[in-house]
$ cat my_file.cif   # mmCIF, C-alpha atoms
data_model
#
loop_
_atom_site.label_atom_id
_atom_site.label_comp_id
_atom_site.auth_asym_id
_atom_site.auth_seq_id
_atom_site.Cartn_x
_atom_site.Cartn_y
_atom_site.Cartn_z
CA MET A 95 19.68 -0.86 -13.04
CA LEU A 96 16.34 -1.69 -14.61
CA LYS A 97 15.04 -0.90 -18.07
CA GLY A 98 12.04 1.38 -18.35
CA ILE A 99 12.14 2.53 -14.71
CA PRO A 100 13.02 6.20 -14.10
CA LYS A 101 16.44 6.33 -12.42
CA ILE A 102 15.16 8.77 -9.81
CA LEU A 103 12.98 6.02 -8.31
CA SER A 104 15.20 4.39 -5.69
CA PRO A 105 14.85 0.72 -4.76
CA GLU A 106 13.26 1.79 -1.46
CA LEU A 107 10.71 3.98 -3.22
CA LEU A 108 9.90 1.33 -5.84
CA LYS A 109 9.29 -1.19 -3.05
CA VAL A 110 6.88 1.18 -1.30
CA LEU A 111 5.00 1.97 -4.53
CA ALA A 112 4.66 -1.77 -5.23
CA GLU A 113 3.45 -2.50 -1.69
CA MET A 114 0.71 0.11 -1.87
CA GLY A 115 -2.79 -1.09 -2.65
CA HIS A 116 -5.89 0.43 -4.24
CA SER A 117 -6.93 3.66 -2.48
CA ASP A 118 -3.67 3.98 -0.51
CA ARG A 119 -2.37 7.53 -0.54
CA LEU A 120 1.12 8.89 -1.13
CA VAL A 121 2.20 12.45 -0.34
CA ILE A 122 5.08 14.07 -2.21
CA CYS A 123 6.12 16.82 0.19
CA ASP A 124 7.88 20.10 -0.40
CA GLY A 125 10.88 21.03 1.72
CA ASN A 126 8.78 22.95 4.26
CA PHE A 127 6.24 20.19 4.87
CA PRO A 128 6.53 18.53 8.31
CA SER A 129 6.94 15.09 6.72
CA GLU A 130 8.53 13.38 9.72
CA SER A 131 5.86 14.50 12.21
CA MET A 132 2.98 13.97 9.78
CA GLY A 133 4.42 10.60 8.79
CA LYS A 134 4.77 9.13 12.29
CA ASN A 135 2.46 6.26 11.28
CA ALA A 136 3.66 6.03 7.70
CA ILE A 137 6.77 5.28 5.71
CA VAL A 138 8.86 8.41 5.13
CA ILE A 139 11.30 8.33 2.23
CA ARG A 140 13.91 11.07 1.91
CA CYS A 141 14.55 12.52 -1.56
CA ASP A 142 16.02 15.82 -0.39
CA GLY A 143 18.11 16.48 -3.51
CA HIS A 144 15.08 16.41 -5.80
CA GLY A 145 12.04 18.56 -6.49
CA VAL A 146 8.41 17.50 -6.36
CA SER A 147 7.91 17.85 -10.14
CA GLU A 148 10.64 15.38 -11.08
CA ILE A 149 9.50 12.88 -8.44
CA LEU A 150 5.86 13.26 -9.54
CA GLU A 151 6.76 12.71 -13.20
CA ALA A 152 8.73 9.55 -12.41
CA ILE A 153 6.09 8.12 -10.09
CA LEU A 154 3.23 8.65 -12.54
CA LYS A 155 5.09 6.53 -15.10
CA VAL A 156 4.59 3.48 -12.84
CA PHE A 157 1.72 4.47 -10.50
CA PRO A 158 -1.93 4.15 -11.56
CA LEU A 159 -4.25 6.88 -10.30
CA ASP A 160 -7.54 5.86 -8.71
CA THR A 161 -10.46 5.92 -11.15
CA TYR A 162 -13.11 5.61 -8.41
CA VAL A 163 -12.62 9.07 -6.93
CA GLU A 164 -13.08 12.43 -8.60
CA HIS A 165 -9.69 13.77 -7.53
CA PRO A 166 -6.95 11.16 -7.11
CA VAL A 167 -4.44 14.04 -7.20
CA ASN A 168 -4.80 16.74 -4.56
CA LEU A 169 -2.88 19.94 -3.88
CA MET A 170 -2.75 21.95 -0.66
CA GLU A 171 -4.87 25.09 -1.00
CA VAL A 172 -3.25 28.45 -0.37
CA MET A 173 -4.37 29.91 2.95
CA PRO A 174 -6.64 32.94 2.68
CA GLY A 175 -4.51 36.05 3.04
CA ASP A 176 -1.31 34.34 1.88
CA ASN A 177 -0.03 36.33 -1.08
CA VAL A 178 1.65 33.33 -2.72
CA GLU A 179 1.84 32.47 -6.40
CA THR A 180 1.75 28.75 -7.28
CA PRO A 181 3.10 28.38 -10.83
CA ILE A 182 4.35 24.90 -9.92
CA TRP A 183 0.72 23.74 -9.94
CA ASP A 184 0.64 24.32 -13.73
CA THR A 185 3.68 22.05 -14.02
CA TYR A 186 1.93 19.37 -11.96
CA LYS A 187 -1.18 19.58 -14.14
CA GLU A 188 0.93 19.22 -17.27
CA ILE A 189 2.60 16.12 -15.79
CA VAL A 190 -0.78 14.64 -14.85
CA ARG A 191 -2.16 15.32 -18.37
CA LYS A 192 0.79 13.43 -19.89
CA ASN A 193 0.22 10.42 -17.64
CA ASP A 194 -3.55 10.12 -17.23
CA ASP A 195 -6.14 10.17 -20.01
CA ARG A 196 -8.57 12.14 -17.83
CA GLY A 197 -6.19 15.12 -17.86
CA ASP A 198 -5.91 17.69 -15.13
CA ALA A 199 -9.61 17.29 -14.23
CA VAL A 200 -8.37 14.70 -11.72
CA VAL A 201 -6.59 17.43 -9.76
CA GLY A 202 -8.38 18.72 -6.67
CA TYR A 203 -7.54 20.99 -3.77
CA ILE A 204 -7.65 20.40 -0.02
CA GLU A 205 -7.63 23.11 2.64
CA ARG A 206 -4.23 23.29 4.38
CA PHE A 207 -5.15 21.81 7.77
CA ALA A 208 -7.40 19.18 6.21
CA PHE A 209 -4.45 18.26 3.96
CA TYR A 210 -2.32 17.73 7.09
CA GLU A 211 -4.99 15.43 8.58
CA GLU A 212 -5.19 13.45 5.33
CA ALA A 213 -1.39 13.23 5.19
CA LYS A 214 -1.35 11.65 8.66
CA THR A 215 -3.27 8.68 7.23
CA ALA A 216 -1.16 8.29 4.08
CA TYR A 217 0.71 5.06 3.41
CA ALA A 218 3.91 6.93 2.65
CA LEU A 219 5.38 10.42 2.46
CA ILE A 220 8.25 11.45 0.24
CA ALA A 221 10.28 14.34 1.66
CA THR A 222 11.85 16.40 -1.14
CA GLY A 223 14.03 19.48 -1.25
CA GLU A 224 11.37 21.42 -3.19
CA SER A 225 11.54 25.13 -2.33
CA ALA A 226 8.28 26.26 -3.96
CA LEU A 227 5.54 27.09 -1.47
CA TYR A 228 2.32 25.05 -1.40
CA ALA A 229 4.06 22.45 -3.56
CA ASN A 230 2.72 19.33 -1.80
CA VAL A 231 0.90 16.69 -3.84
CA MET A 232 -1.25 13.82 -2.56
CA LEU A 233 -1.83 10.85 -4.89
CA GLN A 234 -4.40 8.09 -4.46
CA LYS A 235 -3.43 4.77 -6.00
CA GLY A 236 -5.68 2.96 -8.43
CA VAL A 237 -5.52 -0.46 -10.02
CA VAL A 238 -3.55 -1.77 -12.96
CA VAL A 239 -5.80 -3.22 -15.65
CA ASP A 240 -4.18 -5.41 -18.29
#
$ encode --input "my_file.cif" --output "structure tokens"
Amino acid sequence: MLKGIPKILSPELLKVLAEMGHSDRLVICDGNFPSESMGKNAIVIRCDGHGVSEILEAILKVFPLDTYVEHPVNLMEVMPGDNVETPIWDTYKEIVRKNDDRGDAVVGYIERFAFYEEAKTAYALIATGESALYANVMLQKGVVVD
């Protein structure tokens, strides 16, 4: 056990977060996301018993968001014609506001198929058991300034 590190962050996940460099991307995937096929060239970490919100909250306690891009946090846009509500996005924005001084202005949106293409180039994907639809989050790592 370590002090100050959220218990939900496994040793494997902490190692991956530490290995990542500036501008590397991490995708926290909902349970429907094809994380294994999208992550063929990435590290895939299984966190099936957890939801995206709790993983996001824990990661943002230790993970700096990129300050050189407008949207270091991106959500998958709802497809036109999909009658889907996304209240989980409000939860994500609240978590981001608590962990980044820029607030939820750092949150952007990427069209579904473009999100898949971006995910294919991510450093790592975290597969969760999240059941909410369109609940995927892509984070871009920044630098730690002391």
$ atom_distance --input "my_file.cif" --atom1 "CA of Pro166 in chain A" --atom2 "CA of Gly143 in chain A"
25.9 Å
$ closest_residue --input "my_file.cif" --among "A:Val163, A:Ser225, A:Leu219, A:Phe207" --to "Ile182 in chain A" --atoms "all atoms listed in the file"
A:Ser225
$ residues_around --input "my_file.cif" --residues "Arg119 in chain A" --least-positions-apart "5" --cutoff "12 Å" --atoms "all atoms listed in the file" --output "PyMOL selection string"
chain A and resi 110-111+113-114+133+136-137+157-160+165-168+209+212-220+231-236
$ write_last_selection --input "my_file.cif" --atoms "C-alpha atoms" --output "compact mmCIF listing (two decimals), in the coordinates of the input"
# COMPACT_ATOMS: atom_id res chain seq x y z
CA VAL A 110 6.88 1.18 -1.30
CA LEU A 111 5.00 1.97 -4.53
CA GLU A 113 3.45 -2.50 -1.69
CA MET A 114 0.71 0.11 -1.87
CA GLY A 133 4.42 10.60 8.79
CA ALA A 136 3.66 6.03 7.70
CA ILE A 137 6.77 5.28 5.71
CA PHE A 157 1.72 4.47 -10.50
CA PRO A 158 -1.93 4.15 -11.56
CA LEU A 159 -4.25 6.88 -10.30
CA ASP A 160 -7.54 5.86 -8.71
CA HIS A 165 -9.69 13.77 -7.53
CA PRO A 166 -6.95 11.16 -7.11
CA VAL A 167 -4.44 14.04 -7.20
CA ASN A 168 -4.80 16.74 -4.56
CA PHE A 209 -4.45 18.26 3.96
CA GLU A 212 -5.19 13.45 5.33
CA ALA A 213 -1.39 13.23 5.19
CA LYS A 214 -1.35 11.65 8.66
CA THR A 215 -3.27 8.68 7.23
CA ALA A 216 -1.16 8.29 4.08
CA TYR A 217 0.71 5.06 3.41
CA ALA A 218 3.91 6.93 2.65
CA LEU A 219 5.38 10.42 2.46
CA ILE A 220 8.25 11.45 0.24
CA VAL A 231 0.90 16.69 -3.84
CA MET A 232 -1.25 13.82 -2.56
CA LEU A 233 -1.83 10.85 -4.89
CA GLN A 234 -4.40 8.09 -4.46
CA LYS A 235 -3.43 4.77 -6.00
CA GLY A 236 -5.68 2.96 -8.43
$ resolve_selection --input "my_file.cif" --expression "the PyMOL selection byres ((chain A and resi 188) around 12)" --output "ChimeraX atom specification"
/A:147,150-151,154,181-187,189-201
$ write_last_selection --input "my_file.cif" --atoms "C-alpha atoms" --output "PDB file, in the coordinates of the input"
ATOM      1  CA  SER A 147       7.910  17.850 -10.140  1.00  0.00           C
ATOM      2  CA  LEU A 150       5.860  13.260  -9.540  1.00  0.00           C
ATOM      3  CA  GLU A 151       6.760  12.710 -13.200  1.00  0.00           C
ATOM      4  CA  LEU A 154       3.230   8.650 -12.540  1.00  0.00           C
ATOM      5  CA  PRO A 181       3.100  28.380 -10.830  1.00  0.00           C
ATOM      6  CA  ILE A 182       4.350  24.900  -9.920  1.00  0.00           C
ATOM      7  CA  TRP A 183       0.720  23.740  -9.940  1.00  0.00           C
ATOM      8  CA  ASP A 184       0.640  24.320 -13.730  1.00  0.00           C
ATOM      9  CA  THR A 185       3.680  22.050 -14.020  1.00  0.00           C
ATOM     10  CA  TYR A 186       1.930  19.370 -11.960  1.00  0.00           C
ATOM     11  CA  LYS A 187      -1.180  19.580 -14.140  1.00  0.00           C
ATOM     12  CA  ILE A 189       2.600  16.120 -15.790  1.00  0.00           C
ATOM     13  CA  VAL A 190      -0.780  14.640 -14.850  1.00  0.00           C
ATOM     14  CA  ARG A 191      -2.160  15.320 -18.370  1.00  0.00           C
ATOM     15  CA  LYS A 192       0.790  13.430 -19.890  1.00  0.00           C
ATOM     16  CA  ASN A 193       0.220  10.420 -17.640  1.00  0.00           C
ATOM     17  CA  ASP A 194      -3.550  10.120 -17.230  1.00  0.00           C
ATOM     18  CA  ASP A 195      -6.140  10.170 -20.010  1.00  0.00           C
ATOM     19  CA  ARG A 196      -8.570  12.140 -17.830  1.00  0.00           C
ATOM     20  CA  GLY A 197      -6.190  15.120 -17.860  1.00  0.00           C
ATOM     21  CA  ASP A 198      -5.910  17.690 -15.130  1.00  0.00           C
ATOM     22  CA  ALA A 199      -9.610  17.290 -14.230  1.00  0.00           C
ATOM     23  CA  VAL A 200      -8.370  14.700 -11.720  1.00  0.00           C
ATOM     24  CA  VAL A 201      -6.590  17.430  -9.760  1.00  0.00           C
TER      25      VAL A 201
END
$ atom_distance --input "my_file.cif" --atom1 "CA of Gly202 in chain A" --atom2 "CA of Glu164 in chain A"
8.1 Å
$ closest_residue --input "my_file.cif" --among "A:Met170, A:Met132, A:Lys155, A:Asp124" --to "Glu224 in chain A" --atoms "only C-alpha atoms"
A:Asp124
$ atom_distance --input "my_file.cif" --atom1 "CA of Leu108 in chain A" --atom2 "CA of Ile153 in chain A"
8.9 Å
$ resolve_selection --input "my_file.cif" --expression "the PyMOL selection byres ((chain A and resi 141) around 9)" --output "PyMOL selection string"
chain A and resi 139-140+142-145+149+220-223
$ closest_residue --input "my_file.cif" --among "A:Ile204, A:Lys101, A:Val172, A:Thr161" --to "His116 in chain A" --atoms "all atoms listed in the file"
A:Thr161
$ closest_residue --input "my_file.cif" --among "A:Ser104, A:Asn126, A:Ser117, A:Asn177" --to "Tyr162 in chain A" --atoms "only C-alpha atoms"
A:Ser117
$ closest_residue --input "my_file.cif" --among "A:Leu227, A:Asp240, A:Asp176, A:Ile102" --to "Glu148 in chain A" --atoms "all atoms listed in the file"
A:Ile102
